[in-house]
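Structure data follow from query_2.tsv (TSV, C-alpha atoms):
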chain	number	residue	atom	x	y	z
A	1391	MET	CA	174.86	74.81	72.52
A	1392	SER	CA	174.52	78.36	71.30
A	1393	ASN	CA	171.56	77.31	69.18
A	1394	PHE	CA	169.56	76.41	72.24
A	1395	ILE	CA	170.15	79.62	74.12
A	1396	ASN	CA	168.39	81.98	71.74
A	1397	VAL	CA	165.32	79.80	71.17
A	1398	ILE	CA	162.35	82.15	71.23
A	1399	SER	CA	158.75	81.37	71.92
A	1400	PRO	CA	156.71	80.34	68.85
A	1401	LEU	CA	154.22	83.00	69.89
A	1402	ASP	CA	156.86	85.69	69.52
A	1403	GLN	CA	155.97	86.20	65.86
A	1404	PHE	CA	152.51	87.43	66.87
A	1405	GLU	CA	153.71	90.17	69.23
A	1406	VAL	CA	152.40	93.65	68.61
A	1407	ARG	CA	155.24	96.14	68.42
A	1408	ASN	CA	155.14	99.87	68.35
A	1409	LEU	CA	156.96	101.10	65.26
A	1410	LEU	CA	156.23	104.79	65.26
A	1411	SER	CA	154.32	106.82	67.76
A	1412	LEU	CA	153.28	110.37	68.23
A	1413	ASP	CA	152.23	111.57	71.66
A	1414	ALA	CA	149.97	114.48	71.02
A	1415	PRO	CA	148.88	116.42	74.10
A	1416	ILE	CA	145.59	117.31	72.43
A	1417	LEU	CA	142.17	115.68	72.70
A	1418	GLY	CA	142.98	114.13	76.08
A	1419	ASN	CA	146.56	112.99	75.45
A	1420	LEU	CA	145.92	111.29	72.18
A	1421	SER	CA	148.63	108.81	71.30
A	1422	LEU	CA	148.78	108.09	67.60
A	1423	SER	CA	150.93	105.12	66.84
A	1424	LEU	CA	151.73	102.79	64.02
A	1425	THR	CA	152.15	99.23	65.22
A	1426	ASN	CA	153.39	96.34	63.11
A	1427	ILE	CA	149.84	95.04	62.70
A	1428	GLY	CA	148.75	98.50	61.56
A	1429	LEU	CA	151.57	98.56	59.04
A	1430	TYR	CA	150.68	95.15	57.64
A	1431	LEU	CA	146.98	96.01	57.51
A	1432	THR	CA	147.86	99.17	55.58
A	1433	ILE	CA	150.07	97.17	53.22
A	1434	ALA	CA	147.21	94.71	52.73
A	1435	GLY	CA	144.80	97.56	52.02
A	1436	TYR	CA	147.16	99.06	49.43
A	1437	LEU	CA	147.74	95.65	47.84
A	1438	VAL	CA	144.02	94.99	47.51
A	1439	PHE	CA	143.49	98.43	46.03
A	1440	ILE	CA	146.46	98.29	43.63
A	1441	ILE	CA	145.64	94.77	42.43
A	1442	GLY	CA	142.01	95.78	41.95
A	1443	LEU	CA	143.12	98.80	39.94
A	1444	LEU	CA	145.80	97.04	37.88
A	1445	SER	CA	143.64	94.07	37.04
A	1446	SER	CA	140.96	96.25	35.49
A	1447	ASN	CA	143.11	95.91	32.34
A	1448	ASN	CA	142.26	99.45	31.07
A	1449	ASN	CA	138.65	98.42	30.51
A	1450	LYS	CA	139.59	96.10	27.66
A	1451	ILE	CA	137.05	93.42	26.88
A	1452	VAL	CA	139.61	90.69	26.28
A	1453	PRO	CA	141.07	89.77	29.69
A	1454	ASN	CA	144.72	89.30	30.55
A	1455	ALA	CA	146.14	87.04	33.26
A	1456	TRP	CA	145.62	89.62	36.05
A	1457	SER	CA	142.03	90.36	35.18
A	1458	ILE	CA	141.22	86.67	34.78
A	1459	SER	CA	142.33	86.08	38.37
A	1460	GLN	CA	140.25	89.01	39.58
A	1461	GLU	CA	137.25	87.90	37.53
A	1462	SER	CA	137.45	84.40	38.96
A	1463	ILE	CA	137.43	85.85	42.49
A	1464	TYR	CA	134.46	87.98	41.42
A	1465	ALA	CA	132.66	84.91	40.08
A	1466	THR	CA	133.42	82.89	43.22
A	1467	VAL	CA	132.14	85.53	45.63
A	1468	HIS	CA	129.18	86.29	43.39
A	1469	SER	CA	128.12	82.65	43.34
A	1470	ILE	CA	128.50	82.47	47.13
A	1471	VAL	CA	126.37	85.60	47.64
A	1472	THR	CA	123.65	84.64	45.19
A	1473	GLY	CA	123.62	81.03	46.35
A	1474	GLN	CA	123.58	81.73	50.07
A	1475	ILE	CA	121.55	84.92	50.48
A	1476	ASN	CA	119.21	85.43	47.57
A	1477	GLU	CA	119.37	85.32	43.80
A	1478	LYS	CA	118.06	88.87	43.44
A	1479	ASN	CA	118.04	90.74	46.76
A	1480	GLY	CA	121.33	89.29	47.94
A	1481	GLN	CA	123.37	91.29	45.44
A	1482	VAL	CA	123.18	94.38	47.67
A	1483	TYR	CA	125.63	92.66	50.00
A	1484	PHE	CA	128.03	91.72	47.23
A	1485	PRO	CA	130.53	94.62	47.59
A	1486	PHE	CA	130.81	94.01	51.33
A	1487	MET	CA	131.34	90.28	50.84
A	1488	TYR	CA	133.83	90.84	48.04
A	1489	VAL	CA	135.93	93.22	50.12
A	1490	LEU	CA	135.67	90.91	53.14
A	1491	PHE	CA	136.91	87.99	51.06
A	1492	VAL	CA	139.77	89.85	49.41
A	1493	PHE	CA	140.82	91.59	52.63
A	1494	ILE	CA	140.98	88.34	54.63
A	1495	LEU	CA	142.65	86.51	51.74
A	1496	VAL	CA	145.37	89.13	51.27
A	1497	ASN	CA	146.00	89.32	55.01
A	1498	ASN	CA	146.29	85.52	55.16
A	1499	LEU	CA	148.63	85.44	52.19
A	1500	ILE	CA	150.84	88.24	53.54
A	1501	GLY	CA	151.45	85.95	56.51
A	1502	MET	CA	152.89	83.34	54.16
A	1503	VAL	CA	155.77	85.62	53.16
A	1504	PRO	CA	158.73	84.73	55.40
A	1505	TYR	CA	159.48	87.23	58.20
A	1506	SER	CA	156.16	88.94	57.71
A	1507	PHE	CA	153.07	88.87	59.85
A	1508	ALA	CA	149.50	87.66	59.36
A	1509	ALA	CA	147.10	90.24	60.75
A	1510	THR	CA	144.25	87.69	60.73
A	1511	SER	CA	146.09	85.56	63.28
A	1512	HIS	CA	144.98	88.04	65.93
A	1513	PHE	CA	141.80	87.17	67.75
A	1514	ILE	CA	140.94	90.79	68.43
A	1515	LEU	CA	140.81	91.56	64.73
A	1516	THR	CA	138.83	88.51	63.65
A	1517	PHE	CA	136.48	88.83	66.62
A	1518	SER	CA	135.83	92.47	65.79
A	1519	LEU	CA	134.99	91.45	62.21
A	1520	SER	CA	132.79	88.52	63.22
A	1521	PHE	CA	130.95	90.42	65.98
A	1522	THR	CA	130.29	93.23	63.52
A	1523	VAL	CA	128.91	90.85	60.91
A	1524	VAL	CA	126.62	89.01	63.34
A	1525	LEU	CA	125.49	92.23	65.04
A	1526	GLY	CA	124.78	93.74	61.63
A	1527	ALA	CA	122.77	90.66	60.62
A	1528	THR	CA	120.79	90.90	63.89
A	1529	ILE	CA	120.04	94.59	63.36
A	1530	LEU	CA	119.03	93.77	59.78
A	1531	GLY	CA	116.66	91.08	61.05
A	1532	PHE	CA	115.11	93.39	63.63
A	1533	SER	CA	114.66	96.22	61.15
A	1534	LYS	CA	113.06	93.91	58.59
A	1535	HIS	CA	110.88	91.72	60.81
A	1536	GLY	CA	110.53	93.63	64.08
A	1537	LEU	CA	109.80	91.36	67.02
A	1538	LYS	CA	109.02	88.47	64.66
A	1539	PHE	CA	112.78	88.13	64.42
A	1540	PHE	CA	112.60	86.00	67.57
A	1541	SER	CA	110.87	83.27	65.55
A	1542	LEU	CA	114.42	82.48	64.41
A	1543	PHE	CA	114.89	80.80	67.77
A	1544	VAL	CA	111.88	78.51	67.32
A	1545	PRO	CA	112.56	75.52	65.08
A	1546	ALA	CA	109.64	74.68	62.79
A	1547	GLY	CA	107.24	71.99	64.05
A	1548	CYS	CA	108.77	71.45	67.46
A	1549	PRO	CA	106.56	70.08	70.27
A	1550	LEU	CA	105.36	72.68	72.78
A	1551	ALA	CA	106.83	70.89	75.77
A	1552	LEU	CA	110.32	71.07	74.33
A	1553	LEU	CA	109.99	74.70	73.31
A	1554	PRO	CA	111.73	76.37	76.29
A	1555	LEU	CA	114.71	74.06	75.98
A	1556	LEU	CA	114.98	74.41	72.22
A	1557	VAL	CA	114.70	78.19	72.33
A	1558	MET	CA	117.47	78.22	74.91
A	1559	ILE	CA	119.68	76.03	72.74
A	1560	GLU	CA	118.96	78.08	69.62
A	1561	PHE	CA	119.71	81.29	71.50
A	1562	ILE	CA	123.02	79.94	72.75
A	1563	SER	CA	123.92	78.73	69.26
A	1564	TYR	CA	123.04	82.19	67.91
A	1565	LEU	CA	125.38	83.78	70.42
A	1566	ALA	CA	128.08	81.20	69.71
A	1567	ARG	CA	128.12	82.31	66.05
A	1568	ASN	CA	129.91	85.49	67.08
A	1569	VAL	CA	132.72	83.61	68.68
A	1570	SER	CA	132.96	80.64	66.32
A	1571	LEU	CA	133.22	82.76	63.17
A	1572	GLY	CA	136.18	84.78	64.44
A	1573	LEU	CA	137.76	81.95	66.37
A	1574	ARG	CA	137.84	79.65	63.34
A	1575	LEU	CA	139.76	82.11	61.20
A	1576	ALA	CA	142.28	83.26	63.81
A	1577	ALA	CA	142.86	79.78	65.25
A	1578	ASN	CA	143.57	78.29	61.83
A	1579	ILE	CA	146.04	80.99	60.85
A	1580	LEU	CA	147.65	81.13	64.30
A	1581	SER	CA	148.07	77.37	64.63
A	1582	GLY	CA	149.45	77.01	61.13
A	1583	HIS	CA	152.08	79.69	61.63
A	1584	MET	CA	153.00	78.35	65.05
A	1585	LEU	CA	153.38	74.85	63.65
A	1586	LEU	CA	155.64	76.10	60.87
A	1587	ASN	CA	157.69	78.12	63.36
A	1588	ILE	CA	158.16	75.18	65.74
A	1589	LEU	CA	159.00	72.76	62.93
A	1590	SER	CA	161.48	75.10	61.28
A	1591	GLY	CA	163.24	75.87	64.57
A	1592	PHE	CA	163.47	72.16	65.16
A	1593	THR	CA	164.81	71.49	61.66
A	1594	TYR	CA	167.34	74.30	61.96
A	1595	ASN	CA	168.68	72.78	65.15
A	1596	ILE	CA	168.95	69.36	63.52
A	1597	MET	CA	170.61	70.63	60.35
A	1598	THR	CA	173.24	72.67	62.16
A	1599	SER	CA	174.23	69.81	64.47
A	1600	GLY	CA	176.59	68.06	62.09
A	1601	PHE	CA	177.35	66.84	58.59
A	1602	LEU	CA	175.16	63.74	58.75
A	1603	PHE	CA	172.40	65.60	60.54
A	1604	PHE	CA	172.25	68.09	57.69
A	1605	PHE	CA	171.02	65.35	55.37
A	1606	LEU	CA	168.78	63.93	58.07
A	1607	GLY	CA	167.22	67.37	58.42
A	1608	LEU	CA	166.10	67.35	54.78
A	1609	PHE	CA	163.28	65.03	55.80
A	1610	PRO	CA	161.54	67.46	58.21
A	1611	LEU	CA	162.34	70.22	55.72
A	1612	ALA	CA	160.19	68.42	53.16
A	1613	PHE	CA	157.40	68.39	55.75
A	1614	ILE	CA	157.77	72.13	56.24
A	1615	ILE	CA	157.43	72.73	52.53
A	1616	ALA	CA	154.37	70.49	52.43
A	1617	PHE	CA	152.85	72.36	55.38
A	1618	SER	CA	153.54	75.68	53.65
A	1619	GLY	CA	151.50	74.43	50.71
A	1620	LEU	CA	148.77	73.40	53.11
A	1621	GLU	CA	148.85	76.84	54.73
A	1622	LEU	CA	148.45	78.43	51.31
A	1623	GLY	CA	145.33	76.33	50.81
A	1624	ILE	CA	144.07	77.20	54.30
A	1625	ALA	CA	144.50	80.91	53.50
A	1626	PHE	CA	142.03	80.56	50.63
A	1627	ILE	CA	139.67	78.16	52.38
A	1628	GLN	CA	139.36	80.25	55.55
A	1629	ALA	CA	138.61	83.42	53.58
A	1630	GLN	CA	135.92	81.51	51.69
A	1631	VAL	CA	134.48	79.93	54.84
A	1632	PHE	CA	134.28	83.32	56.56
A	1633	VAL	CA	132.36	84.79	53.63
A	1634	VAL	CA	130.05	81.78	53.25
A	1635	LEU	CA	129.12	81.87	56.94
A	1636	SER	CA	128.69	85.66	56.94
A	1637	CYS	CA	126.31	85.25	54.00
A	1638	SER	CA	124.34	82.53	55.75
A	1639	TYR	CA	124.01	84.70	58.89
A	1640	ILE	CA	122.76	87.61	56.81
A	1641	LYS	CA	120.33	85.24	55.12
A	1642	ASP	CA	119.04	84.13	58.53
A	1643	GLY	CA	118.45	87.78	59.42
A	1644	LEU	CA	116.64	88.42	56.14
A	1645	ASP	CA	114.54	85.29	55.72
A	1646	LEU	CA	114.29	83.79	59.25
A	1647	HIS	CA	114.97	80.17	58.21
B	794	MET	CA	151.03	89.63	75.29
B	795	PRO	CA	150.77	93.26	74.25
B	796	GLN	CA	147.68	92.54	72.18
B	797	LEU	CA	145.72	92.26	75.42
B	798	VAL	CA	146.64	95.82	76.37
B	799	PRO	CA	143.63	98.01	75.49
B	800	PHE	CA	145.79	100.56	73.69
B	801	PHE	CA	147.10	97.96	71.26
B	802	PHE	CA	143.84	96.25	70.49
B	803	VAL	CA	141.97	99.51	70.05
B	804	ASN	CA	144.74	100.57	67.68
B	805	GLN	CA	144.41	97.28	65.82
B	806	VAL	CA	140.63	97.48	65.51
B	807	VAL	CA	140.72	101.14	64.45
B	808	PHE	CA	143.26	100.36	61.73
B	809	ALA	CA	141.31	97.33	60.54
B	810	PHE	CA	137.98	99.13	60.36
B	811	ALA	CA	139.37	102.31	58.81
B	812	ILE	CA	141.03	100.32	56.02
B	813	PHE	CA	138.05	98.00	55.63
B	814	VAL	CA	135.55	100.85	55.28
B	815	MET	CA	137.80	102.69	52.82
B	816	LEU	CA	138.15	99.53	50.73
B	817	ILE	CA	134.40	98.94	50.70
B	818	TYR	CA	133.83	102.51	49.51
B	819	VAL	CA	136.49	102.39	46.80
B	820	PHE	CA	135.47	98.95	45.56
B	821	SER	CA	131.74	99.59	45.50
B	822	LYS	CA	132.13	102.97	43.82
B	823	TYR	CA	135.00	102.50	41.40
B	824	ILE	CA	136.29	98.97	40.92
B	825	LEU	CA	133.33	96.59	41.07
B	826	PRO	CA	131.11	98.64	38.73
B	827	ARG	CA	133.87	98.28	36.14
B	828	PHE	CA	133.42	94.53	36.27
B	829	VAL	CA	129.67	94.86	35.86
B	830	ARG	CA	130.15	97.12	32.83
B	831	LEU	CA	132.70	94.69	31.41
B	832	PHE	CA	130.39	91.69	31.82
B	833	ALA	CA	127.48	93.66	30.39
B	834	THR	CA	129.60	94.63	27.38
B	835	ARG	CA	130.59	91.02	26.77
B	836	LEU	CA	126.96	89.99	27.01
B	837	PHE	CA	125.88	92.65	24.50
B	838	ILE	CA	128.60	91.67	22.05
B	839	SER	CA	128.03	87.95	22.18
B	840	LYS	CA	124.28	87.50	22.75
B	841	LEU	CA	122.51	90.56	21.40
Since I need it in another form, could you write the structure as structure tokens?
Amino acid sequence: MSNFINVISPLDQFEVRNLLSLDAPILGNLSLSLTNIGLYLTIAGYLVFIIGLLSSNNNKIVPNAWSISQESIYATVHSIVTGQINEKNGQVYFPFMYVLFVFILVNNLIGMVPYSFAATSHFILTFSLSFTVVLGATILGFSKHGLKFFSLFVPAGCPLALLPLLVMIEFISYLARNVSLGLRLAANILSGHMLLNILSGFTYNIMTSGFLFFFLGLFPLAFIIAFSGLELGIAFIQAQVFVVLSCSYIKDGLDLH
Amino acid sequence: MPQLVPFFFVNQVVFAFAIFVMLIYVFSKYILPRFVRLFATRLFISKL
């Protein structure tokens, strides 16, 4: 029975914990603290930086395995940016998109290490990223087109009678972009990790129940391994989807359909 | 859920944006231009 007593909530892995804090009675009682999400974000930042530095391969022309992986990420993001935004003018946004892709990817992959934590499973973080991207695209549109930016809400060739309704729908869909972009990423990572947590707790309980149950538990264990592979794929796909959609929103701001 | 406490989510967002902005700066100034130079070098060797 002891296994059932210390069952913890599957959401427990996403708790924010204070690891180190400094209460400074300056600047209006500033409290500087390092939480677990801050730690993992810092680790992710260092990883991205170190991998980027190591895989430069001392500027050799012939690539090694590390630089091939980095070059293929470069090629992927470059094709997304040039394909979605613009062949020529879109390249300005390439560094931002590259860092966005790598940052989300590394944060997703850190979550796949057992006993670690995926920072992108937090809605606050993904929402702050998505709201920033969409707000930036809107500001870009306004600065480039002025008030003509509102023609984004008018679909081409729509009848005049339907115009108020369609503008309303387009406006709502424009606002929904903010939420959907961040929600998609966090919900995918959160649900995947929760599923793995629930399944593994379940399997652990089965496998520790008896000799026969140990072998019975190998079946759900195979599922867990399969789901881990799926999560690995999701980590890549969600980073790519986030970047593709960010590019298409920037394109909307630049070209207005 | 501590992530709903303003202190924690402000902390989270500050960390995320500080690291993100630093990475954008470092990548766009030091790391990505290396790739461009590398690709340009390969192009010059093979095509020109």
Problem - Neighbours of chain B in chain A at 10 Å, counting only C-alpha atoms, as a PyMOL selection string - result: chain A and resi 1401-1402+1404-1408+1421-1436+1438-1439+1442-1443+1445-1446+1448-1453+1457+1460-1461+1464+1484-1490+1492-1493+1509+1512-1519
Problem - region 1466-1470 of chain A surroundings by only C-alpha atoms, 9 Å radius, close-in-sequence under 2 positions cut, as an MDAnalysis selection string - result: chainID A and resid 1461:1464 1472:1475 1481 1484 1487:1488 1491 1630 1633:1634 1637
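Counting only C-alpha atoms and comparing A:Ser1636, A:Ser1459, A:Ser1411, A:Asn1476, the residue that lies closest to Ala1527 (chain A) is A:Ser1636.
Of note, CA of Tyr1639 (chain A) and CA of Val1524 (chain A) are spaced 6.7 Å apart.
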Hey, could you patch up region 826-841 of chain B with N, CA, C and O atoms and hand it over as a compact mmCIF listing (two decimals), keeping the file's coordinate frame?
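out.txt, freshly written:
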# COMPACT_ATOMS: atom_id res chain seq x y z
N PRO B 826 131.94 98.27 39.88
CA PRO B 826 131.11 98.64 38.73
C PRO B 826 131.80 98.44 37.39
O PRO B 826 131.14 98.15 36.38
N ARG B 827 133.14 98.55 37.37
CA ARG B 827 133.87 98.28 36.14
C ARG B 827 133.64 96.85 35.67
O ARG B 827 133.49 96.60 34.47
N PHE B 828 133.65 95.93 36.62
CA PHE B 828 133.42 94.53 36.27
C PHE B 828 132.02 94.35 35.70
O PHE B 828 131.84 93.64 34.71
N VAL B 829 131.05 94.99 36.34
CA VAL B 829 129.67 94.86 35.86
C VAL B 829 129.56 95.38 34.44
O VAL B 829 128.96 94.74 33.57
N ARG B 830 130.19 96.55 34.18
CA ARG B 830 130.15 97.12 32.83
C ARG B 830 130.83 96.20 31.84
O ARG B 830 130.35 96.00 30.72
N LEU B 831 131.95 95.61 32.28
CA LEU B 831 132.70 94.69 31.41
C LEU B 831 131.86 93.47 31.06
O LEU B 831 131.75 93.09 29.88
N PHE B 832 131.21 92.88 32.08
CA PHE B 832 130.39 91.69 31.82
C PHE B 832 129.19 92.05 30.95
O PHE B 832 128.82 91.28 30.05
N ALA B 833 128.61 93.22 31.20
CA ALA B 833 127.48 93.66 30.39
C ALA B 833 127.90 93.85 28.94
O ALA B 833 127.19 93.45 28.01
N THR B 834 129.10 94.43 28.75
CA THR B 834 129.60 94.63 27.38
C THR B 834 129.79 93.30 26.67
O THR B 834 129.39 93.14 25.51
N ARG B 835 130.38 92.35 27.37
CA ARG B 835 130.59 91.02 26.77
C ARG B 835 129.26 90.38 26.38
O ARG B 835 129.14 89.76 25.34
N LEU B 836 128.28 90.57 27.26
CA LEU B 836 126.96 89.99 27.01
C LEU B 836 126.35 90.61 25.77
O LEU B 836 125.81 89.91 24.90
N PHE B 837 126.47 91.96 25.65
CA PHE B 837 125.88 92.65 24.50
C PHE B 837 126.56 92.24 23.22
O PHE B 837 125.90 92.09 22.18
N ILE B 838 127.88 92.04 23.27
CA ILE B 838 128.60 91.67 22.05
C ILE B 838 128.23 90.26 21.60
O ILE B 838 127.95 90.00 20.44
N SER B 839 128.16 89.35 22.57
CA SER B 839 128.03 87.95 22.18
C SER B 839 126.57 87.50 21.99
O SER B 839 126.28 86.69 21.13
N LYS B 840 125.64 88.05 22.78
CA LYS B 840 124.28 87.50 22.75
C LYS B 840 123.30 88.37 21.96
O LYS B 840 122.32 87.88 21.46
N LEU B 841 123.55 89.68 21.96
CA LEU B 841 122.51 90.56 21.40
C LEU B 841 122.92 91.14 20.05
O LEU B 841 124.05 91.14 19.68
